[in-house]
$ cat work-v3.tsv   # TSV, C-alpha atoms and all ligand atoms
chain	number	residue	atom	x	y	z
A	1	MET	CA	-8.65	54.01	113.38
A	2	ILE	CA	-6.35	53.53	110.42
A	3	TYR	CA	-7.08	50.66	108.05
A	4	LEU	CA	-4.08	49.34	106.13
A	5	ASP	CA	-5.32	45.87	105.11
A	6	ASN	CA	-6.70	46.76	101.70
A	7	ALA	CA	-5.14	43.76	99.96
A	8	ALA	CA	-7.55	41.57	101.97
A	9	THR	CA	-10.55	43.79	101.31
A	10	SER	CA	-10.69	47.55	100.87
A	11	TRP	CA	-12.14	49.81	103.54
A	12	PRO	CA	-13.61	52.36	103.69
A	13	LYS	CA	-15.58	52.38	100.47
A	14	PRO	CA	-16.35	55.66	98.67
A	15	GLU	CA	-19.53	57.23	100.12
A	16	SER	CA	-21.33	56.59	96.81
A	17	VAL	CA	-20.95	52.80	97.33
A	18	TYR	CA	-22.79	52.87	100.68
A	19	GLN	CA	-25.50	55.08	99.20
A	20	ALA	CA	-25.94	52.95	96.08
A	21	MET	CA	-26.38	49.76	98.12
A	22	ASP	CA	-28.83	51.37	100.52
A	23	GLU	CA	-30.90	52.82	97.70
A	24	PHE	CA	-30.80	49.62	95.64
A	25	LEU	CA	-31.98	47.45	98.52
A	26	ARG	CA	-34.81	49.84	99.32
A	27	LYS	CA	-36.04	50.50	95.80
A	28	SER	CA	-34.75	48.12	93.13
A	29	ALA	CA	-33.96	44.76	94.70
A	30	GLY	CA	-36.20	42.50	92.61
A	31	ASN	CA	-34.86	39.26	91.15
A	32	PRO	CA	-33.12	40.17	87.87
A	33	GLY	CA	-34.29	38.31	84.78
A	34	ARG	CA	-37.07	36.63	86.75
A	35	GLY	CA	-40.38	38.19	85.74
A	36	GLY	CA	-41.10	41.36	83.85
A	37	HIS	CA	-42.21	43.62	86.69
A	38	SER	CA	-40.50	46.93	87.26
A	39	MET	CA	-38.47	45.85	90.31
A	40	ALA	CA	-37.02	42.82	88.46
A	41	LEU	CA	-36.24	45.02	85.47
A	42	ALA	CA	-34.61	47.68	87.67
A	43	ALA	CA	-32.35	45.03	89.23
A	44	GLU	CA	-31.46	43.62	85.82
A	45	LYS	CA	-30.53	47.09	84.58
A	46	VAL	CA	-28.10	47.55	87.47
A	47	ILE	CA	-26.47	44.15	86.81
A	48	GLU	CA	-26.10	44.82	83.09
A	49	GLU	CA	-24.72	48.32	83.63
A	50	THR	CA	-22.14	46.88	86.02
A	51	ARG	CA	-21.20	44.22	83.46
A	52	LEU	CA	-20.64	46.99	80.93
A	53	LEU	CA	-18.37	48.92	83.31
A	54	VAL	CA	-16.32	45.79	84.07
A	55	ALA	CA	-16.02	45.08	80.33
A	56	ARG	CA	-14.75	48.63	79.83
A	57	LEU	CA	-12.26	48.31	82.69
A	58	ILE	CA	-10.54	45.25	81.22
A	59	ASN	CA	-11.23	45.94	77.50
A	60	SER	CA	-13.42	42.85	77.08
A	61	PRO	CA	-14.54	42.59	73.44
A	62	GLU	CA	-17.99	41.41	74.57
A	63	VAL	CA	-20.03	42.37	77.62
A	64	ASN	CA	-21.50	38.88	78.03
A	65	ARG	CA	-18.05	37.42	78.60
A	66	ILE	CA	-18.09	39.00	82.07
A	67	ILE	CA	-19.34	36.49	84.66
A	68	PHE	CA	-20.22	37.65	88.17
A	69	THR	CA	-18.88	35.41	90.93
A	70	LEU	CA	-18.77	35.43	94.73
A	71	ASN	CA	-15.15	36.58	94.90
A	72	CYS	CA	-11.86	35.94	93.12
A	73	THR	CA	-11.59	32.46	94.66
A	74	ASP	CA	-14.90	31.49	93.09
A	75	ALA	CA	-13.78	32.89	89.72
A	76	LEU	CA	-10.50	30.93	89.86
A	77	ASN	CA	-12.33	27.72	90.77
A	78	LEU	CA	-14.76	28.14	87.87
A	79	GLY	CA	-11.96	28.80	85.39
A	80	LEU	CA	-9.72	25.94	86.55
A	81	LYS	CA	-12.31	23.25	87.21
A	82	GLY	CA	-14.46	24.24	84.23
A	83	LEU	CA	-11.48	23.90	81.90
A	84	LEU	CA	-9.15	21.15	83.05
A	85	LYS	CA	-9.53	17.39	82.50
A	86	ALA	CA	-7.43	14.41	83.60
A	87	GLY	CA	-4.30	14.19	81.46
A	88	ASP	CA	-3.91	17.98	81.05
A	89	HIS	CA	-0.68	19.71	82.05
A	90	VAL	CA	-0.64	23.14	83.73
A	91	VAL	CA	2.19	25.66	84.13
A	92	THR	CA	1.91	28.06	87.07
A	93	SER	CA	4.03	30.45	89.15
A	94	ARG	CA	5.06	29.65	92.70
A	95	ILE	CA	3.71	32.91	94.13
A	96	GLY	CA	0.00	32.09	94.13
A	97	HIS	CA	-2.61	32.70	96.80
A	98	ASN	CA	-4.32	29.62	98.25
A	99	SER	CA	-7.31	30.40	96.05
A	100	LEU	CA	-5.11	29.23	93.16
A	101	VAL	CA	-2.79	26.84	94.99
A	102	ARG	CA	-5.53	24.72	96.59
A	103	PRO	CA	-7.78	24.11	93.57
A	104	LEU	CA	-4.64	23.19	91.61
A	105	ARG	CA	-3.54	20.80	94.36
A	106	LYS	CA	-6.98	19.17	94.28
A	107	LEU	CA	-6.89	18.86	90.49
A	108	GLU	CA	-3.44	17.29	90.77
A	109	GLY	CA	-5.09	14.48	92.73
A	110	GLN	CA	-7.48	14.01	89.78
A	111	GLY	CA	-4.81	13.31	87.18
A	112	ILE	CA	-3.75	16.82	86.16
A	113	ARG	CA	-0.02	17.46	86.02
A	114	ILE	CA	1.32	20.78	87.37
A	115	THR	CA	4.69	22.51	86.82
A	116	ARG	CA	5.31	25.23	89.43
A	117	LEU	CA	7.88	27.87	88.48
A	118	PRO	CA	9.64	29.99	91.13
A	119	PRO	CA	10.45	33.64	90.41
A	120	ASN	CA	14.08	34.78	90.25
A	121	PRO	CA	15.16	35.00	93.94
A	122	GLU	CA	17.09	38.23	93.30
A	123	THR	CA	14.44	40.20	91.41
A	124	GLY	CA	11.17	38.51	92.36
A	125	PHE	CA	10.19	38.27	88.67
A	126	LEU	CA	9.36	35.19	86.65
A	127	SER	CA	10.47	35.48	83.03
A	128	ALA	CA	8.39	34.72	79.93
A	129	ARG	CA	11.30	32.54	78.80
A	130	ASP	CA	10.89	30.29	81.89
A	131	ILE	CA	7.21	29.95	81.05
A	132	GLU	CA	7.91	29.14	77.42
A	133	GLU	CA	10.45	26.47	78.38
A	134	ALA	CA	7.93	24.81	80.72
A	135	ILE	CA	5.25	24.41	78.02
A	136	GLU	CA	4.95	20.75	77.01
A	137	GLU	CA	2.97	18.81	74.42
A	138	ASP	CA	-0.02	18.30	76.72
A	139	THR	CA	0.05	21.74	78.37
A	140	LYS	CA	-3.50	23.07	78.33
A	141	LEU	CA	-3.17	26.08	80.60
A	142	VAL	CA	-0.68	28.65	81.88
A	143	VAL	CA	-2.07	30.33	85.00
A	144	VAL	CA	-0.25	33.09	86.87
A	145	THR	CA	-0.74	35.63	89.62
A	146	HIS	CA	-0.48	39.17	88.26
A	147	ALA	CA	0.69	40.80	91.52
A	148	SER	CA	1.56	38.75	94.57
A	149	ASN	CA	-0.43	39.62	97.68
A	150	VAL	CA	2.76	38.97	99.68
A	151	SER	CA	5.35	41.06	97.80
A	152	GLY	CA	3.19	43.34	95.63
A	153	ILE	CA	5.46	42.64	92.62
A	154	ILE	CA	3.61	42.98	89.29
A	155	GLN	CA	4.62	40.24	86.86
A	156	PRO	CA	4.90	40.95	83.08
A	157	ILE	CA	1.66	39.31	81.93
A	158	GLU	CA	1.84	40.97	78.50
A	159	GLU	CA	5.07	39.06	77.82
A	160	TYR	CA	3.61	35.81	79.17
A	161	GLY	CA	0.45	36.28	77.11
A	162	ALA	CA	2.42	36.66	73.86
A	163	VAL	CA	4.32	33.43	74.53
A	164	VAL	CA	1.24	31.45	75.57
A	165	ARG	CA	-0.72	32.61	72.53
A	166	LYS	CA	2.21	31.77	70.23
A	167	HIS	CA	1.95	28.18	71.51
A	168	GLY	CA	-1.86	28.17	71.26
A	169	ARG	CA	-2.44	27.43	74.95
A	170	VAL	CA	-4.99	28.96	77.35
A	171	PHE	CA	-3.71	31.88	79.46
A	172	MET	CA	-5.33	32.62	82.82
A	173	VAL	CA	-4.45	35.47	85.20
A	174	ASP	CA	-5.34	36.12	88.83
A	175	ALA	CA	-5.67	39.90	88.95
A	176	ALA	CA	-7.04	40.14	92.51
A	177	GLN	CA	-4.33	42.64	93.50
A	178	THR	CA	-4.16	44.67	90.29
A	179	ALA	CA	-7.81	45.30	89.35
A	180	GLY	CA	-8.45	48.95	90.18
A	181	THR	CA	-4.73	49.71	90.64
A	182	TYR	CA	-3.03	48.83	87.38
A	183	PRO	CA	-4.40	48.88	83.81
A	184	LEU	CA	-5.80	45.54	82.61
A	185	ASP	CA	-6.36	44.81	78.92
A	186	VAL	CA	-7.35	41.25	78.09
A	187	GLU	CA	-6.95	41.84	74.35
A	188	ALA	CA	-3.49	43.41	74.47
A	189	SER	CA	-2.25	40.83	77.01
A	190	ASN	CA	-3.82	37.82	75.22
A	191	VAL	CA	-5.60	36.79	78.42
A	192	ASP	CA	-8.24	34.05	78.01
A	193	LEU	CA	-9.42	33.87	81.60
A	194	LEU	CA	-9.13	36.80	84.03
A	195	ALA	CA	-10.23	36.40	87.65
A	196	PHE	CA	-10.48	39.22	90.18
A	197	SER	CA	-12.28	40.40	93.29
A	198	GLY	CA	-14.85	43.20	93.29
A	199	HIS	CA	-14.21	44.02	96.95
A	200	LYS	CA	-10.55	45.02	96.87
A	201	GLY	CA	-9.24	47.77	94.54
A	202	LEU	CA	-12.60	48.14	92.78
A	203	PHE	CA	-14.31	49.26	96.02
A	204	GLY	CA	-17.28	46.89	95.75
A	205	PRO	CA	-18.51	45.11	98.90
A	206	PRO	CA	-17.45	41.61	100.01
A	207	GLY	CA	-19.26	38.91	98.03
A	208	THR	CA	-18.35	40.30	94.60
A	209	GLY	CA	-15.93	38.90	92.02
A	210	VAL	CA	-15.55	38.49	88.27
A	211	LEU	CA	-14.39	35.93	85.73
A	212	TYR	CA	-13.78	37.09	82.17
A	213	LEU	CA	-13.62	34.35	79.54
A	214	SER	CA	-12.49	34.79	75.95
A	215	ASP	CA	-14.09	33.13	72.92
A	216	ARG	CA	-11.08	30.80	72.79
A	217	VAL	CA	-12.22	28.84	75.85
A	218	GLU	CA	-15.25	26.86	76.76
A	219	LEU	CA	-15.83	25.96	80.38
A	220	ASP	CA	-18.10	23.40	81.98
A	221	SER	CA	-20.45	25.05	84.47
A	222	LEU	CA	-19.83	24.10	88.11
A	223	ARG	CA	-23.34	24.98	89.23
A	224	GLU	CA	-26.60	24.49	87.35
A	225	GLY	CA	-29.97	26.01	88.15
A	226	GLY	CA	-32.35	28.87	87.51
A	227	THR	CA	-31.08	31.55	85.18
A	228	GLY	CA	-34.29	33.38	84.40
A	229	SER	CA	-33.94	32.29	80.76
A	230	ASN	CA	-35.07	29.14	78.85
A	231	SER	CA	-37.16	28.05	81.83
A	232	GLU	CA	-38.80	25.30	79.73
A	233	LEU	CA	-35.45	23.42	79.49
A	234	GLU	CA	-34.18	20.93	82.05
A	235	GLU	CA	-30.66	21.38	80.73
A	236	GLN	CA	-28.51	24.35	81.67
A	237	PRO	CA	-28.74	27.06	78.97
A	238	ILE	CA	-25.46	27.59	77.17
A	239	ALA	CA	-25.90	31.30	76.47
A	240	LEU	CA	-23.42	33.62	78.18
A	241	PRO	CA	-23.28	34.88	80.86
A	242	TYR	CA	-26.21	32.82	82.26
A	243	ARG	CA	-24.53	29.45	81.75
A	244	TYR	CA	-22.28	30.27	84.72
A	245	GLU	CA	-24.58	32.47	86.81
A	246	SER	CA	-27.25	30.12	88.20
A	247	GLY	CA	-29.31	31.23	91.16
A	248	THR	CA	-30.19	34.66	92.49
A	249	PRO	CA	-27.08	36.85	92.19
A	250	ASN	CA	-25.66	39.17	94.83
A	251	THR	CA	-27.63	42.05	93.37
A	252	VAL	CA	-27.01	44.50	96.19
A	253	GLY	CA	-23.29	43.69	96.11
A	254	ILE	CA	-23.19	44.22	92.36
A	255	ALA	CA	-25.02	47.55	92.82
A	256	GLY	CA	-22.20	48.52	95.22
A	257	LEU	CA	-19.61	47.33	92.71
A	258	ARG	CA	-21.22	49.49	90.03
A	259	ALA	CA	-20.79	52.54	92.27
A	260	GLY	CA	-17.18	51.50	93.01
A	261	LEU	CA	-16.42	51.20	89.30
A	262	LYS	CA	-18.06	54.55	88.53
A	263	TYR	CA	-15.90	56.10	91.24
A	264	ILE	CA	-12.79	54.59	89.67
A	265	PHE	CA	-13.67	55.89	86.22
A	266	GLU	CA	-14.43	59.35	87.69
A	267	GLN	CA	-11.09	59.51	89.50
A	268	GLY	CA	-9.15	57.89	86.66
A	269	LEU	CA	-6.90	54.85	87.01
A	270	GLU	CA	-3.77	56.93	86.40
A	271	ARG	CA	-4.58	59.37	89.21
A	272	ILE	CA	-5.34	56.42	91.51
A	273	ARG	CA	-2.04	54.77	90.60
A	274	VAL	CA	-0.02	57.98	91.11
A	275	HIS	CA	-1.55	58.60	94.56
A	276	LYS	CA	-0.98	55.01	95.68
A	277	GLN	CA	2.57	55.16	94.34
A	278	SER	CA	3.33	58.33	96.28
A	279	LEU	CA	2.00	56.78	99.52
A	280	LEU	CA	4.03	53.64	98.78
A	281	LEU	CA	7.24	55.66	98.39
A	282	GLN	CA	6.54	57.67	101.56
A	283	LEU	CA	6.03	54.42	103.47
A	284	LEU	CA	9.11	52.70	102.05
A	285	GLU	CA	11.31	55.73	102.68
A	286	GLY	CA	10.05	56.06	106.25
A	287	LEU	CA	10.40	52.37	107.09
A	288	SER	CA	13.89	52.14	105.62
A	289	ARG	CA	15.09	54.80	108.09
A	290	PHE	CA	14.61	52.33	110.99
A	291	PRO	CA	17.62	49.99	111.28
A	292	GLU	CA	15.33	47.41	112.94
A	293	VAL	CA	13.06	47.15	109.89
A	294	ILE	CA	13.63	44.36	107.36
A	295	LEU	CA	11.83	45.19	104.10
A	296	TYR	CA	10.97	42.50	101.53
A	297	THR	CA	10.24	44.78	98.59
A	298	PRO	CA	11.76	45.01	95.11
A	299	LYS	CA	14.27	47.75	94.23
A	300	ASP	CA	12.13	48.99	91.35
A	301	THR	CA	8.85	50.18	92.83
A	302	SER	CA	7.35	51.03	89.43
A	303	MET	CA	6.33	47.37	89.09
A	304	GLN	CA	4.80	47.08	92.56
A	305	VAL	CA	1.27	47.53	93.85
A	306	PRO	CA	1.11	49.30	97.23
A	307	ILE	CA	1.75	46.21	99.35
A	308	VAL	CA	4.65	46.42	101.80
A	309	PRO	CA	5.82	43.32	103.66
A	310	PHE	CA	8.26	43.90	106.51
A	311	ASN	CA	9.49	42.51	109.82
A	312	LEU	CA	11.06	44.10	112.90
A	313	LYS	CA	14.27	42.46	114.08
A	314	GLY	CA	13.62	40.59	117.32
A	315	TRP	CA	9.82	40.64	116.93
A	316	GLU	CA	7.35	38.06	115.64
A	317	PRO	CA	5.08	39.45	112.89
A	318	ALA	CA	2.02	38.44	114.92
A	319	GLU	CA	3.29	40.48	117.89
A	320	VAL	CA	3.85	43.58	115.76
A	321	GLY	CA	0.41	43.23	114.11
A	322	ALA	CA	-1.27	42.87	117.51
A	323	ILE	CA	0.53	45.90	118.99
A	324	LEU	CA	-0.27	48.05	115.96
A	325	ASP	CA	-3.92	47.03	116.32
A	326	GLN	CA	-4.34	47.19	120.08
A	327	ALA	CA	-2.04	50.07	121.07
A	328	PHE	CA	-2.33	52.25	117.95
A	329	ASP	CA	-5.62	51.18	116.33
A	330	ILE	CA	-3.81	50.51	113.04
A	331	LYS	CA	-5.04	47.48	111.07
A	332	THR	CA	-2.33	45.53	109.25
A	333	ARG	CA	-2.08	41.84	108.41
A	334	PRO	CA	0.67	39.68	109.96
A	335	GLY	CA	1.36	36.04	109.05
A	336	LEU	CA	1.33	34.04	105.83
A	337	HIS	CA	-1.46	35.90	104.00
A	338	CYS	CA	-3.01	32.66	102.61
A	339	ALA	CA	0.11	32.28	100.45
A	340	ALA	CA	2.65	30.01	102.15
A	341	ALA	CA	4.32	29.09	98.85
A	342	ALA	CA	4.95	32.77	98.11
A	343	HIS	CA	6.45	33.26	101.59
A	344	ARG	CA	8.69	30.24	101.01
A	345	THR	CA	9.83	31.85	97.77
A	346	TYR	CA	10.58	35.18	99.44
A	347	GLY	CA	12.30	33.54	102.45
A	348	THR	CA	9.73	34.59	105.07
A	349	TYR	CA	8.24	31.16	105.80
A	350	PRO	CA	7.03	29.98	108.40
A	351	HIS	CA	6.37	33.15	110.43
A	352	GLY	CA	5.54	35.36	107.48
A	353	SER	CA	5.69	39.13	107.68
A	354	VAL	CA	3.65	42.15	108.65
A	355	ARG	CA	1.81	43.43	105.58
A	356	ILE	CA	0.70	47.00	105.02
A	357	SER	CA	-1.54	47.36	101.98
A	358	LEU	CA	-2.79	50.75	100.87
A	359	SER	CA	-5.89	52.12	99.22
A	360	PHE	CA	-6.54	55.23	97.14
A	361	LEU	CA	-8.48	56.46	100.18
A	362	ASN	CA	-5.43	56.34	102.48
A	363	THR	CA	-3.65	59.61	103.18
A	364	SER	CA	-0.15	60.84	103.85
A	365	GLU	CA	-1.19	61.32	107.50
A	366	ASP	CA	-2.05	57.61	107.72
A	367	ILE	CA	1.47	56.78	106.60
A	368	GLU	CA	2.95	59.24	109.12
A	369	SER	CA	0.92	57.58	111.91
A	370	VAL	CA	2.08	54.07	111.05
A	371	LEU	CA	5.71	55.26	110.85
A	372	GLN	CA	5.42	56.88	114.28
A	373	ALA	CA	3.89	53.69	115.67
A	374	VAL	CA	6.70	51.54	114.24
A	375	GLY	CA	9.21	53.99	115.76
A	376	LYS	CA	7.57	53.65	119.18
A	377	ILE	CA	7.52	49.84	118.96
A	378	THR	CA	11.21	49.61	118.04
A	379	SER	CA	12.32	52.11	120.69
A	380	SER	CA	10.31	50.25	123.37
A	381	LYS	CA	12.38	47.11	122.68
A	382	ASN	CA	15.61	49.11	122.56
A	383	ARG	CA	14.78	50.63	125.96
A	384	ALA	CA	13.95	47.22	127.43
A	385	GLN	CA	17.31	45.73	126.36
B	1	LIG	C1	-3.56	37.28	94.69
B	1	LIG	C2	-4.90	36.90	95.25
B	1	LIG	N1	-5.67	36.03	94.59
B	1	LIG	C3	-6.89	35.67	95.05
B	1	LIG	C4	-7.38	36.16	96.23
B	1	LIG	C5	-8.72	35.72	96.70
B	1	LIG	O1	-9.63	36.78	96.62
B	1	LIG	P1	-11.09	36.66	97.22
B	1	LIG	O2	-10.98	36.92	98.68
B	1	LIG	O3	-11.87	37.71	96.51
B	1	LIG	O4	-11.57	35.30	96.95
B	1	LIG	C6	-6.61	37.07	96.97
B	1	LIG	C7	-7.10	37.59	98.25
B	1	LIG	O5	-6.41	38.22	99.01
B	1	LIG	C8	-5.34	37.46	96.46
B	1	LIG	O6	-4.57	38.32	97.11
$ encode --input "work-v3.tsv" --output "structure tokens"
Amino acid sequence: MIYLDNAATSWPKPESVYQAMDEFLRKSAGNPGRGGHSMALAAEKVIEETRLLVARLINSPEVNRIIFTLNCTDALNLGLKGLLKAGDHVVTSRIGHNSLVRPLRKLEGQGIRITRLPPNPETGFLSARDIEEAIEEDTKLVVVTHASNVSGIIQPIEEYGAVVRKHGRVFMVDAAQTAGTYPLDVEASNVDLLAFSGHKGLFGPPGTGVLYLSDRVELDSLREGGTGSNSELEEQPIALPYRYESGTPNTVGIAGLRAGLKYIFEQGLERIRVHKQSLLLQLLEGLSRFPEVILYTPKDTSMQVPIVPFNLKGWEPAEVGAILDQAFDIKTRPGLHCAAAAHRTYGTYPHGSVRISLSFLNTSEDIESVLQAVGKITSSKNRAQ
């Protein structure tokens, strides 16, 4: 079996992630912050060590500004709904995943005004100048997707951040597709809110995500409840990170995320990026040799995460995905990838595309196998005609 759907969730995980979760659940899975016994303390230690690793990954100035969430969707919802009030204006890019598009659409119905900016149709990039021109008097927030899960194009968030900070607005980034693949620095990029998944490039298990919040923003909590602290109070404590982390956390998931992060630091982000980049080039080169393949990728692959959308002339994406799965045991993702607006922008709406998304744990042989499979699919149609 070859798994090439890592933009949805990465698989396999490094062996250390499976081991860490097994060991944690057997030995340390008390309720962190609730009670002073050794199991509760052991769980708390794992959570706090993971927070420290996340803070290091994104250069957060404070560890307590890292909030654990269920996934990136949960982090985006907390950031958007915790921040915005009726009358606010928001600037966003038209390449978002539904985890950004849908909360914004809901907020629009509650009196929040949204300006949606398309990227340049030729290059796929949205310029900082376009963002700056869209900022109005009542603009509270600029929220963008770092790398699209449809095209893989990495947008210049450092340039956006400089512009947004110059105007004193809040800058939020969805880094679901870049965390663990591309360097993230919230200080250098002037990011106030950074949302990402733990279960994609960071190799944590499903059920893990993160929201970073800077000291320039204050969010309402969306969920109140037990935090293990200030139990005498009926009001939600305001201390970070507990204000936003009510209820028993996904401790075993966070233990897996800690192992995923350790693995990433051991391997080094640069080595991970170089390997993914070499697989990406091998795949693009191979696919472009088939005249039947239509590729929707940028010319400059240096600003692209290893996500490759393509179609085969004369085939529906769903057909190609099903054949790759059933005849070749290769897992890809056909369709709209929860991002119809992005597909509209890239001209692949309504059928979408077939998406191959790579992990550091994929190999050159995996790429060879998918290229052979695509060759067999195209020649089967040519024979039938
Ligand atoms: C760009 C982007 N944002 C957000 C999400 C949502 O991530 P999660 O599944 O962790 O909620 C995804 C998932 O594919 C994504 O690609």
$ closest_residue --input "work-v3.tsv" --among "A:Pro12, A:Gly375, A:Gly87, A:Gly33" --to "Glu245 in chain A" --atoms "all atoms listed in the file"
A:Gly33
$ residues_around --input "work-v3.tsv" --residues "range 16-30 of chain A" --least-positions-apart "6" --cutoff "9 Å" --atoms "all atoms listed in the file" --output "list of chain:residue names"
A:His37, A:Ser38, A:Met39, A:Ala40, A:Leu41, A:Ala42, A:Ala43, A:Glu44, A:Val46, A:Phe203, A:Gly204, A:Pro205, A:Thr251, A:Val252, A:Gly253, A:Ile254, A:Ala255, A:Gly256, A:Leu257, A:Arg258, A:Ala259, A:Gly260, A:Tyr263
$ residues_near_ligand --input "work-v3.tsv" --ligand "ligand LIG 1 (chain B)" --cutoff "7 Å" --atoms "all atoms listed in the file" --output "list in words"
Ala7, Ala8, Asn71, Cys72, Thr73, Asp74, Gly96, His97, Ser99, Leu100, Thr145, Ala147, Ser148, Asn149, Asp174, Ala175, Ala176, Gln177, Phe196, Ser197, His199 and Gly209 of chain A
$ closest_residue --input "work-v3.tsv" --among "A:Ile272, A:Ile238, A:Ile114, A:Ala318" --to "Phe360 in chain A" --atoms "all atoms listed in the file"
A:Ile272
$ residues_around --input "work-v3.tsv" --residues "Phe125 in chain A" --least-positions-apart "4" --cutoff "7 Å" --atoms "all atoms listed in the file" --output "PyMOL selection string"
chain A and resi 119-120+155
$ closest_residue --input "work-v3.tsv" --among "A:Val90, A:Thr69, A:Gly82, A:Glu133" --to "Gly207 in chain A" --atoms "only C-alpha atoms"
A:Thr69
$ closest_residue --input "work-v3.tsv" --among "A:Gly161, A:Pro14, A:Gly168, A:Gly109" --to "Arg129 in chain A" --atoms "only C-alpha atoms"
A:Gly161
$ atom_distance --input "work-v3.tsv" --atom1 "CA of Ile367 in chain A" --atom2 "CA of Lys381 in chain A"
21.7 Å
$ atom_distance --input "work-v3.tsv" --atom1 "CA of Asp366 in chain A" --atom2 "CA of Ser278 in chain A"
12.7 Å
$ residues_near_point --input "work-v3.tsv" --point "(-9.5, 34.3, 80.5)" --cutoff "6 Å" --atoms "all atoms listed in the file" --output "ChimeraX atom specification"
/A:172,191-194,212-214
$ closest_residue --input "work-v3.tsv" --among "A:Val164, A:Met303, A:Ile294, A:Ala55" --to "Thr348 in chain A" --atoms "all atoms listed in the file"
A:Ile294
$ closest_residue --input "work-v3.tsv" --among "A:Thr181, A:Ser93, A:Thr297, A:Thr9" --to "Glu122 in chain A" --atoms "all atoms listed in the file"
A:Thr297
$ atom_distance --input "work-v3.tsv" --atom1 "CA of Glu365 in chain A" --atom2 "CA of Val305 in chain A"
19.6 Å
$ residues_around --input "work-v3.tsv" --residues "Leu312 in chain A" --least-positions-apart "3" --cutoff "8 Å" --atoms "all atoms listed in the file" --output "VMD selection string"
chain A and resid 292 to 294 315 to 317 320 378
$ residues_near_point --input "work-v3.tsv" --point "(4.0, 31.8, 112.5)" --cutoff "12 Å" --atoms "only C-alpha atoms" --output "PyMOL selection string"
chain A and resi 315-319+334-337+340+343+348-354
$ residues_around --input "work-v3.tsv" --residues "Leu261 in chain A" --least-positions-apart "4" --cutoff "7 Å" --atoms "only C-alpha atoms" --output "list in words"
Leu53, Leu202, Leu257 and Phe265 of chain A
$ build_atoms --input "work-v3.tsv" --residues "range 254-268 of chain A" --atoms "N, CA and C atoms" --output "PDB file, in the coordinates of the input"
ATOM      1  N   ILE A 254     -23.538  43.752  93.709  1.00  0.00           N
ATOM      2  CA  ILE A 254     -23.190  44.220  92.360  1.00  0.00           C
ATOM      3  C   ILE A 254     -23.566  45.699  92.199  1.00  0.00           C
ATOM      4  N   ALA A 255     -24.655  46.112  92.850  1.00  0.00           N
ATOM      5  CA  ALA A 255     -25.020  47.550  92.820  1.00  0.00           C
ATOM      6  C   ALA A 255     -23.899  48.370  93.482  1.00  0.00           C
ATOM      7  N   GLY A 256     -23.324  47.841  94.561  1.00  0.00           N
ATOM      8  CA  GLY A 256     -22.200  48.520  95.220  1.00  0.00           C
ATOM      9  C   GLY A 256     -20.975  48.533  94.318  1.00  0.00           C
ATOM     10  N   LEU A 257     -20.758  47.415  93.624  1.00  0.00           N
ATOM     11  CA  LEU A 257     -19.610  47.330  92.710  1.00  0.00           C
ATOM     12  C   LEU A 257     -19.761  48.340  91.563  1.00  0.00           C
ATOM     13  N   ARG A 258     -20.995  48.506  91.097  1.00  0.00           N
ATOM     14  CA  ARG A 258     -21.220  49.490  90.030  1.00  0.00           C
ATOM     15  C   ARG A 258     -20.795  50.884  90.502  1.00  0.00           C
ATOM     16  N   ALA A 259     -21.175  51.217  91.738  1.00  0.00           N
ATOM     17  CA  ALA A 259     -20.790  52.540  92.270  1.00  0.00           C
ATOM     18  C   ALA A 259     -19.264  52.621  92.442  1.00  0.00           C
ATOM     19  N   GLY A 260     -18.642  51.512  92.864  1.00  0.00           N
ATOM     20  CA  GLY A 260     -17.180  51.500  93.010  1.00  0.00           C
ATOM     21  C   GLY A 260     -16.495  51.723  91.669  1.00  0.00           C
ATOM     22  N   LEU A 261     -17.005  51.064  90.644  1.00  0.00           N
ATOM     23  CA  LEU A 261     -16.420  51.200  89.300  1.00  0.00           C
ATOM     24  C   LEU A 261     -16.610  52.618  88.756  1.00  0.00           C
ATOM     25  N   LYS A 262     -17.813  53.165  89.000  1.00  0.00           N
ATOM     26  CA  LYS A 262     -18.060  54.550  88.530  1.00  0.00           C
ATOM     27  C   LYS A 262     -17.071  55.490  89.201  1.00  0.00           C
ATOM     28  N   TYR A 263     -16.848  55.265  90.489  1.00  0.00           N
ATOM     29  CA  TYR A 263     -15.900  56.100  91.240  1.00  0.00           C
ATOM     30  C   TYR A 263     -14.501  55.999  90.617  1.00  0.00           C
ATOM     31  N   ILE A 264     -14.116  54.793  90.258  1.00  0.00           N
ATOM     32  CA  ILE A 264     -12.790  54.590  89.670  1.00  0.00           C
ATOM     33  C   ILE A 264     -12.668  55.300  88.317  1.00  0.00           C
ATOM     34  N   PHE A 265     -13.718  55.192  87.511  1.00  0.00           N
ATOM     35  CA  PHE A 265     -13.670  55.890  86.220  1.00  0.00           C
ATOM     36  C   PHE A 265     -13.663  57.413  86.422  1.00  0.00           C
ATOM     37  N   GLU A 266     -14.415  57.893  87.420  1.00  0.00           N
ATOM     38  CA  GLU A 266     -14.430  59.350  87.690  1.00  0.00           C
ATOM     39  C   GLU A 266     -13.040  59.836  88.103  1.00  0.00           C
ATOM     40  N   GLN A 267     -12.411  59.088  89.003  1.00  0.00           N
ATOM     41  CA  GLN A 267     -11.090  59.510  89.500  1.00  0.00           C
ATOM     42  C   GLN A 267     -10.004  59.301  88.452  1.00  0.00           C
ATOM     43  N   GLY A 268     -10.156  58.228  87.682  1.00  0.00           N
ATOM     44  CA  GLY A 268      -9.150  57.890  86.660  1.00  0.00           C
ATOM     45  C   GLY A 268      -8.096  56.954  87.250  1.00  0.00           C
TER      46      GLY A 268
END
